[in-house]
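Undergrad: The structure is given below, and queries will be raised subsequently.
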Amino acid sequence: MDASKVFDYVIVGAGSAGCVLANRLSEDPSCRVLLLEAGGPDTNDFIHIPAGMAALFRTKDDWDLGTAYEPELNSRRVYLPRGKVLGGSSSINAMIYIRGARSDWDGWAAQGCEGWSYDEVLPYFLRAEDHARGASDVHGAGGPLTVSEPVERGELSQRFLDACAAAGMPANDDFNGGTQDGVGWYQTTIRDGKRCSTAVAYLHPVMDRPNLVVETWVHAAKVLFDGTRAVGVAGLRLGEELVFHAEREVLVACGAYLSPQLLTLSGLGRPDELEQLQVPLVAESPGMGLGLVDHPTAGVTFTIDREISLKDALTDEALAAWMGGTGVLTTNPAPAGGFVRTKEGLGDPDVQLHFVPAIFEQEGLMPPPEHGFTLSACVLKPRSRGYVAVTSPDPTAKPAICHNYLADPEDLAAQVAGVQLALDVVAQGPLAELSPQPHLAPASRDHADVEAHVRQTLQTIYHPVGTCRMGSDPTAVVDAQLRVRGVEGLRVVDASVLPDTPRGNTNAPVIALAERAADLIRGAGAAQPAQVAAAAPAALAG
């Protein structure tokens, strides 16, 4: 056995979770850690320009996935961008930092995810953060991940917030504080005007550790087993077959679409499906790839009569300003938004608003044709469930993905109400003064017209979870310590283990999940708030 390919831990996927694990586990100099990434280094300039997110779609840094024909969306396919690069989807996302509601985490803990209540996870959010507001009971300072307030706020986004106020919506200056309700400026993972992905925050500062090896362009083919114990990973690079050995554990961090694919091809799943794929059964996992849930979003786009949007923002002058950490390009795609309740009797918000100060054209795949804006509403707690299915034994083949968006009538009701609310906001004076003309909007505010618009235009807001669900019931893929049931030496650490969507963007919850997972893996006790200040700076040490 080649000693250079023997490690204590082999991590598959250098994304939002994988980079965190690589950093934390390699803090022990006696521990040998390998991080495998199917994509390449995060050297594309558009990765680091916050306003340039859409320029990364369908490039080499994107897995470029898509759904099957979605039954409730007029049999349309929906584009699913995912990061295929160091930093994973944290290198191509909208950089919005939201933890989710307390009830999300407490609900999961009550349903069998012991140790994952909000109070138990909060120390890991704090450990990760270097927050612009400094240390407090609800924010961390000194951690690897910069969490900043928007510097370049822009007239158009301010008009959106003023329009929300005119519509009677309360202001909220901290969605990660005591309550989510209201509208305001989003906190973001932006540092000095540039994207602070998990590669930037966690990986690059420690790349020179002698006990950490990072291998790019390695497509993981399967987890290797000795009986029912995971002992390594087989991969492909430029047609060459590679094998890496793990003496302690294999940690799968490929995300909600690709983790169940890798595990299925490794022999974990439903016996009849594995037989059809001609994959030998290692352990039965009846829930593998099921339970897929995502935040669907639909909204409206309008043209305006003033040149105050992000259209044509990429100029030499703007690039020069961005290099200095200022200017319009330091703005994330949706700098403002908020959380609302579309009906009475809800314990927490059911819809999240994202305001884009530009026309978001064709799922972001086309440049804005005119100056304008986009206001979208995503359903925070969808009931509809889909699946990820492996259709080929070829590990490089894309899986079949079906979200079943809007299959549950309550999801459709919330989505229609959210779009109607968006139309109400656009009608308020601060936006109405810009003479907005519909670019992509319902024919009217009537339910039938809005429903037709939703079915024709709904897309993802990029938050898939649930396909390797954590829990205590027999269909859960992993237990509360993220160990894959039925085997040894194998864990899943990514969004796929979340039992349901959190209320808000998923990047911050996945980072906190990985922070806690690192403690679980190395046998450390649960972090306490008093430990956070001392622990956080260690991540920045080489």
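As shown in the structure tokens, the chain order sets the letters A, B, ...; within each chain, residues go from 1, and ligands are also counted from 1 in the order they appear.
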Applying 8 Å and only C-alpha atoms, which residues near Ile511 (chain A) remain after dropping the ones on its own chain fewer than 2 positions away? List them as number ranges by chain.
TA: A: 16-17, 20, 125, 128, 507-509, 513-515
Undergrad: Which residues are near Ile304 (chain A)? Cut-off 10 Å, only C-alpha atoms, ignore same chain within fewer than 3 positions. Put them as an MDAnalysis selection string.
TA: chainID A and resid 301 307:309 358 370:373 431:439
Undergrad: For those residues, write N, CA and C atoms to a file as a PDB file, in the first residue's frame.
TA:
ATOM      1  N   THR A 301     -40.456  40.441 -12.387  1.00  0.00           N
ATOM      2  CA  THR A 301     -39.408  41.347 -12.854  1.00  0.00           C
ATOM      3  C   THR A 301     -40.064  42.509 -13.587  1.00  0.00           C
ATOM      4  N   GLU A 307     -31.551  54.513 -14.899  1.00  0.00           N
ATOM      5  CA  GLU A 307     -30.400  53.609 -15.012  1.00  0.00           C
ATOM      6  C   GLU A 307     -29.726  53.446 -13.657  1.00  0.00           C
ATOM      7  N   ILE A 308     -30.436  52.791 -12.737  1.00  0.00           N
ATOM      8  CA  ILE A 308     -29.924  52.623 -11.374  1.00  0.00           C
ATOM      9  C   ILE A 308     -29.860  51.150 -10.970  1.00  0.00           C
ATOM     10  N   SER A 309     -29.957  50.242 -11.936  1.00  0.00           N
ATOM     11  CA  SER A 309     -29.852  48.813 -11.630  1.00  0.00           C
ATOM     12  C   SER A 309     -28.423  48.344 -11.884  1.00  0.00           C
ATOM     13  N   ALA A 358     -31.686  44.132 -10.354  1.00  0.00           N
ATOM     14  CA  ALA A 358     -31.455  43.885 -11.778  1.00  0.00           C
ATOM     15  C   ALA A 358     -32.511  42.896 -12.242  1.00  0.00           C
ATOM     16  N   GLU A 370     -32.651  45.051 -19.939  1.00  0.00           N
ATOM     17  CA  GLU A 370     -32.916  46.462 -19.664  1.00  0.00           C
ATOM     18  C   GLU A 370     -32.665  46.716 -18.179  1.00  0.00           C
ATOM     19  N   HIS A 371     -32.691  47.988 -17.814  1.00  0.00           N
ATOM     20  CA  HIS A 371     -32.628  48.306 -16.390  1.00  0.00           C
ATOM     21  C   HIS A 371     -33.936  47.913 -15.732  1.00  0.00           C
ATOM     22  N   GLY A 372     -33.831  47.342 -14.536  1.00  0.00           N
ATOM     23  CA  GLY A 372     -35.019  46.903 -13.837  1.00  0.00           C
ATOM     24  C   GLY A 372     -34.674  46.204 -12.547  1.00  0.00           C
ATOM     25  N   PHE A 373     -35.635  45.441 -12.024  1.00  0.00           N
ATOM     26  CA  PHE A 373     -35.417  44.731 -10.762  1.00  0.00           C
ATOM     27  C   PHE A 373     -36.219  43.440 -10.757  1.00  0.00           C
ATOM     28  N   LEU A 431     -41.245  52.456  -5.347  1.00  0.00           N
ATOM     29  CA  LEU A 431     -40.956  51.731  -6.589  1.00  0.00           C
ATOM     30  C   LEU A 431     -41.849  52.204  -7.730  1.00  0.00           C
ATOM     31  N   ALA A 432     -43.092  52.542  -7.426  1.00  0.00           N
ATOM     32  CA  ALA A 432     -44.007  53.010  -8.469  1.00  0.00           C
ATOM     33  C   ALA A 432     -43.494  54.281  -9.140  1.00  0.00           C
ATOM     34  N   GLU A 433     -42.736  55.095  -8.409  1.00  0.00           N
ATOM     35  CA  GLU A 433     -42.172  56.328  -8.972  1.00  0.00           C
ATOM     36  C   GLU A 433     -41.206  56.059 -10.117  1.00  0.00           C
ATOM     37  N   LEU A 434     -40.707  54.826 -10.223  1.00  0.00           N
ATOM     38  CA  LEU A 434     -39.760  54.473 -11.285  1.00  0.00           C
ATOM     39  C   LEU A 434     -40.477  54.001 -12.545  1.00  0.00           C
ATOM     40  N   SER A 435     -41.793  54.155 -12.579  1.00  0.00           N
ATOM     41  CA  SER A 435     -42.608  53.732 -13.721  1.00  0.00           C
ATOM     42  C   SER A 435     -42.333  52.278 -14.107  1.00  0.00           C
ATOM     43  N   PRO A 436     -42.452  51.350 -13.154  1.00  0.00           N
ATOM     44  CA  PRO A 436     -42.143  49.948 -13.468  1.00  0.00           C
ATOM     45  C   PRO A 436     -43.119  49.374 -14.487  1.00  0.00           C
ATOM     46  N   GLN A 437     -42.554  48.686 -15.479  1.00  0.00           N
ATOM     47  CA  GLN A 437     -43.352  48.013 -16.493  1.00  0.00           C
ATOM     48  C   GLN A 437     -43.068  46.511 -16.415  1.00  0.00           C
ATOM     49  N   PRO A 438     -44.113  45.683 -16.450  1.00  0.00           N
ATOM     50  CA  PRO A 438     -43.886  44.239 -16.306  1.00  0.00           C
ATOM     51  C   PRO A 438     -42.965  43.691 -17.389  1.00  0.00           C
ATOM     52  N   HIS A 439     -41.951  42.972 -16.963  1.00  0.00           N
ATOM     53  CA  HIS A 439     -41.092  42.232 -17.883  1.00  0.00           C
ATOM     54  C   HIS A 439     -41.445  40.746 -17.816  1.00  0.00           C
TER      55      HIS A 439
END
Undergrad: Show me, as a Markdown table, the residues of region 462-505 of chain A having an atom within 10 Å of region 211-226 of chain A, each with the closest atom pair and its distance in Å, using only C-alpha atoms.
TA:
| residue | atom | partner | partner_atom | distance |
| --- | --- | --- | --- | --- |
| A:Val487 | CA | A:Phe225 | CA | 9.0 |
| A:Glu488 | CA | A:Phe225 | CA | 9.2 |
| A:Gly489 | CA | A:Phe225 | CA | 9.4 |
| A:Leu490 | CA | A:Val223 | CA | 8.9 |
Undergrad: Using only C-alpha atoms, which of the listed residues (A:Gln415, A:Ser26, A:Thr303, A:Thr198) sits closest to Leu458 (chain A)?
TA: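 Checking each candidate against Leu458 (chain A), we get A:Gln415 as the closest.
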Undergrad: If we count only C-alpha atoms and set the cut-off at 10 Å, which residues sit around Tyr69 (chain A), ignoring sequence neighbours fewer than 6 positions away in its own chain? Please answer as a count of residues only.
TA: 8
Undergrad: I need the residues of region 143-221 of chain A that end up classed as alpha helix (DSSP H) by DSSP on the backbone, written out as number ranges by chain.
TA: A: 155-166, 198
Undergrad: Emit the selected residues as a compact mmCIF listing (two decimals), in the first residue's frame, including all heavy atoms.
TA:
# COMPACT_ATOMS: atom_id res chain seq x y z
N GLU A 155 -29.42 52.73 -4.47
CA GLU A 155 -30.72 53.42 -4.42
C GLU A 155 -31.88 52.46 -4.67
O GLU A 155 -32.92 52.55 -4.01
CB GLU A 155 -30.74 54.54 -5.47
CG GLU A 155 -32.09 55.26 -5.53
CD GLU A 155 -32.19 56.27 -6.65
OE1 GLU A 155 -31.14 56.64 -7.22
OE2 GLU A 155 -33.33 56.69 -6.97
N LEU A 156 -31.72 51.54 -5.61
CA LEU A 156 -32.84 50.68 -5.98
C LEU A 156 -33.23 49.75 -4.83
O LEU A 156 -34.42 49.56 -4.54
CB LEU A 156 -32.47 49.89 -7.23
CG LEU A 156 -33.59 49.15 -7.97
CD1 LEU A 156 -34.80 50.04 -8.20
CD2 LEU A 156 -33.07 48.59 -9.28
N SER A 157 -32.24 49.18 -4.15
CA SER A 157 -32.54 48.31 -3.01
C SER A 157 -33.15 49.10 -1.86
O SER A 157 -34.05 48.60 -1.15
CB SER A 157 -31.28 47.59 -2.56
OG SER A 157 -30.80 46.72 -3.56
N GLN A 158 -32.70 50.33 -1.65
CA GLN A 158 -33.29 51.16 -0.60
C GLN A 158 -34.74 51.48 -0.93
O GLN A 158 -35.61 51.50 -0.04
CB GLN A 158 -32.49 52.45 -0.43
CG GLN A 158 -33.00 53.35 0.68
CD GLN A 158 -32.96 52.67 2.05
OE1 GLN A 158 -31.90 52.26 2.52
NE2 GLN A 158 -34.11 52.54 2.69
N ARG A 159 -35.02 51.71 -2.21
CA ARG A 159 -36.41 51.95 -2.60
C ARG A 159 -37.29 50.73 -2.32
O ARG A 159 -38.46 50.87 -1.95
CB ARG A 159 -36.49 52.33 -4.09
CG ARG A 159 -36.08 53.77 -4.38
CD ARG A 159 -36.15 54.08 -5.86
NE ARG A 159 -35.93 55.49 -6.13
CZ ARG A 159 -36.87 56.42 -6.15
NH1 ARG A 159 -38.14 56.07 -5.93
NH2 ARG A 159 -36.59 57.68 -6.39
N PHE A 160 -36.74 49.54 -2.52
CA PHE A 160 -37.50 48.34 -2.18
C PHE A 160 -37.87 48.34 -0.71
O PHE A 160 -39.02 48.08 -0.34
CB PHE A 160 -36.69 47.10 -2.53
CG PHE A 160 -37.09 45.87 -1.77
CD1 PHE A 160 -38.31 45.24 -2.02
CD2 PHE A 160 -36.28 45.35 -0.77
CE1 PHE A 160 -38.69 44.11 -1.30
CE2 PHE A 160 -36.65 44.23 -0.05
CZ PHE A 160 -37.87 43.61 -0.31
N LEU A 161 -36.90 48.63 0.17
CA LEU A 161 -37.18 48.63 1.60
C LEU A 161 -38.19 49.72 1.96
O LEU A 161 -39.07 49.50 2.81
CB LEU A 161 -35.89 48.81 2.39
CG LEU A 161 -34.88 47.66 2.28
CD1 LEU A 161 -33.61 47.99 3.05
CD2 LEU A 161 -35.48 46.35 2.79
N ASP A 162 -38.08 50.86 1.32
CA ASP A 162 -39.05 51.94 1.56
C ASP A 162 -40.44 51.52 1.10
O ASP A 162 -41.46 51.84 1.74
CB ASP A 162 -38.62 53.21 0.85
CG ASP A 162 -37.33 53.81 1.42
OD1 ASP A 162 -36.96 53.44 2.56
OD2 ASP A 162 -36.69 54.61 0.72
N ALA A 163 -40.51 50.79 -0.01
CA ALA A 163 -41.80 50.30 -0.51
C ALA A 163 -42.40 49.29 0.46
O ALA A 163 -43.62 49.26 0.67
CB ALA A 163 -41.63 49.69 -1.90
N CYS A 164 -41.56 48.43 1.03
CA CYS A 164 -42.05 47.47 2.03
C CYS A 164 -42.62 48.20 3.24
O CYS A 164 -43.68 47.82 3.77
CB CYS A 164 -40.93 46.54 2.46
SG CYS A 164 -40.41 45.35 1.21
N ALA A 165 -41.94 49.26 3.68
CA ALA A 165 -42.45 50.05 4.80
C ALA A 165 -43.79 50.68 4.45
O ALA A 165 -44.72 50.69 5.27
CB ALA A 165 -41.43 51.12 5.19
N ALA A 166 -43.91 51.17 3.23
CA ALA A 166 -45.17 51.76 2.79
C ALA A 166 -46.29 50.73 2.75
O ALA A 166 -47.47 51.07 2.93
CB ALA A 166 -44.99 52.42 1.42
N THR A 198 -16.07 29.19 1.91
CA THR A 198 -15.39 28.36 2.90
C THR A 198 -13.98 28.02 2.44
O THR A 198 -13.11 27.75 3.29
CB THR A 198 -16.15 27.06 3.17
OG1 THR A 198 -16.38 26.36 1.93
CG2 THR A 198 -17.47 27.33 3.86
Undergrad: Just want the 12 Å neighbourhood of Gly112 (chain A), counted on only C-alpha atoms, with same-chain residues fewer than 4 positions away dropped. Output as a PDB file with N, CA and C atoms, in the first residue's frame.
TA:
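Wrote it out as part-v8.pdb, contents follow:
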ATOM      1  N   TRP A 105     -34.373  24.216  14.215  1.00  0.00           N
ATOM      2  CA  TRP A 105     -33.413  23.347  14.904  1.00  0.00           C
ATOM      3  C   TRP A 105     -34.074  22.599  16.063  1.00  0.00           C
ATOM      4  N   ASP A 106     -34.899  23.284  16.833  1.00  0.00           N
ATOM      5  CA  ASP A 106     -35.564  22.619  17.956  1.00  0.00           C
ATOM      6  C   ASP A 106     -36.515  21.539  17.463  1.00  0.00           C
ATOM      7  N   GLY A 107     -37.157  21.784  16.327  1.00  0.00           N
ATOM      8  CA  GLY A 107     -38.050  20.779  15.758  1.00  0.00           C
ATOM      9  C   GLY A 107     -37.308  19.529  15.338  1.00  0.00           C
ATOM     10  N   TRP A 108     -36.144  19.705  14.726  1.00  0.00           N
ATOM     11  CA  TRP A 108     -35.352  18.536  14.325  1.00  0.00           C
ATOM     12  C   TRP A 108     -34.896  17.747  15.542  1.00  0.00           C
ATOM     13  N   TRP A 116     -28.987  18.597  18.282  1.00  0.00           N
ATOM     14  CA  TRP A 116     -29.052  19.601  17.212  1.00  0.00           C
ATOM     15  C   TRP A 116     -30.090  20.677  17.481  1.00  0.00           C
ATOM     16  N   SER A 117     -30.438  20.912  18.726  1.00  0.00           N
ATOM     17  CA  SER A 117     -31.342  22.018  19.045  1.00  0.00           C
ATOM     18  C   SER A 117     -30.631  23.350  18.788  1.00  0.00           C
ATOM     19  N   ARG A 469     -31.099  11.906   5.069  1.00  0.00           N
ATOM     20  CA  ARG A 469     -31.709  12.513   6.252  1.00  0.00           C
ATOM     21  C   ARG A 469     -31.196  11.936   7.574  1.00  0.00           C
ATOM     22  N   MET A 470     -30.988  12.848   8.517  1.00  0.00           N
ATOM     23  CA  MET A 470     -30.626  12.483   9.876  1.00  0.00           C
ATOM     24  C   MET A 470     -31.886  12.202  10.690  1.00  0.00           C
ATOM     25  N   GLY A 471     -31.810  11.217  11.579  1.00  0.00           N
ATOM     26  CA  GLY A 471     -32.940  10.932  12.437  1.00  0.00           C
ATOM     27  C   GLY A 471     -32.782   9.608  13.149  1.00  0.00           C
ATOM     28  N   SER A 472     -33.805   9.246  13.917  1.00  0.00           N
ATOM     29  CA  SER A 472     -33.759   8.010  14.698  1.00  0.00           C
ATOM     30  C   SER A 472     -34.672   6.927  14.128  1.00  0.00           C
ATOM     31  N   ASP A 473     -35.470   7.243  13.116  1.00  0.00           N
ATOM     32  CA  ASP A 473     -36.387   6.248  12.564  1.00  0.00           C
ATOM     33  C   ASP A 473     -35.663   5.376  11.545  1.00  0.00           C
ATOM     34  N   PRO A 474     -36.225   4.238  11.171  1.00  0.00           N
ATOM     35  CA  PRO A 474     -35.531   3.280  10.295  1.00  0.00           C
ATOM     36  C   PRO A 474     -35.211   3.803   8.903  1.00  0.00           C
ATOM     37  N   ALA A 476     -34.168   6.862   8.223  1.00  0.00           N
ATOM     38  CA  ALA A 476     -33.101   7.871   8.262  1.00  0.00           C
ATOM     39  C   ALA A 476     -31.791   7.246   7.774  1.00  0.00           C
ATOM     40  N   VAL A 478     -28.645   8.633   8.204  1.00  0.00           N
ATOM     41  CA  VAL A 478     -27.591   8.807   9.209  1.00  0.00           C
ATOM     42  C   VAL A 478     -28.220   9.027  10.574  1.00  0.00           C
ATOM     43  N   ASP A 479     -27.443   8.718  11.608  1.00  0.00           N
ATOM     44  CA  ASP A 479     -27.925   8.953  12.968  1.00  0.00           C
ATOM     45  C   ASP A 479     -27.572  10.367  13.403  1.00  0.00           C
ATOM     46  N   ALA A 480     -27.835  10.691  14.654  1.00  0.00           N
ATOM     47  CA  ALA A 480     -27.625  12.060  15.141  1.00  0.00           C
ATOM     48  C   ALA A 480     -26.152  12.447  15.198  1.00  0.00           C
ATOM     49  N   GLN A 481     -25.251  11.478  15.077  1.00  0.00           N
ATOM     50  CA  GLN A 481     -23.825  11.788  14.982  1.00  0.00           C
ATOM     51  C   GLN A 481     -23.338  11.724  13.540  1.00  0.00           C
ATOM     52  N   LEU A 498     -29.860  17.335   6.627  1.00  0.00           N
ATOM     53  CA  LEU A 498     -30.894  18.145   7.270  1.00  0.00           C
ATOM     54  C   LEU A 498     -32.264  17.535   6.963  1.00  0.00           C
ATOM     55  N   PRO A 499     -33.100  17.325   7.983  1.00  0.00           N
ATOM     56  CA  PRO A 499     -34.387  16.665   7.753  1.00  0.00           C
ATOM     57  C   PRO A 499     -35.377  17.514   6.966  1.00  0.00           C
TER      58      PRO A 499
END
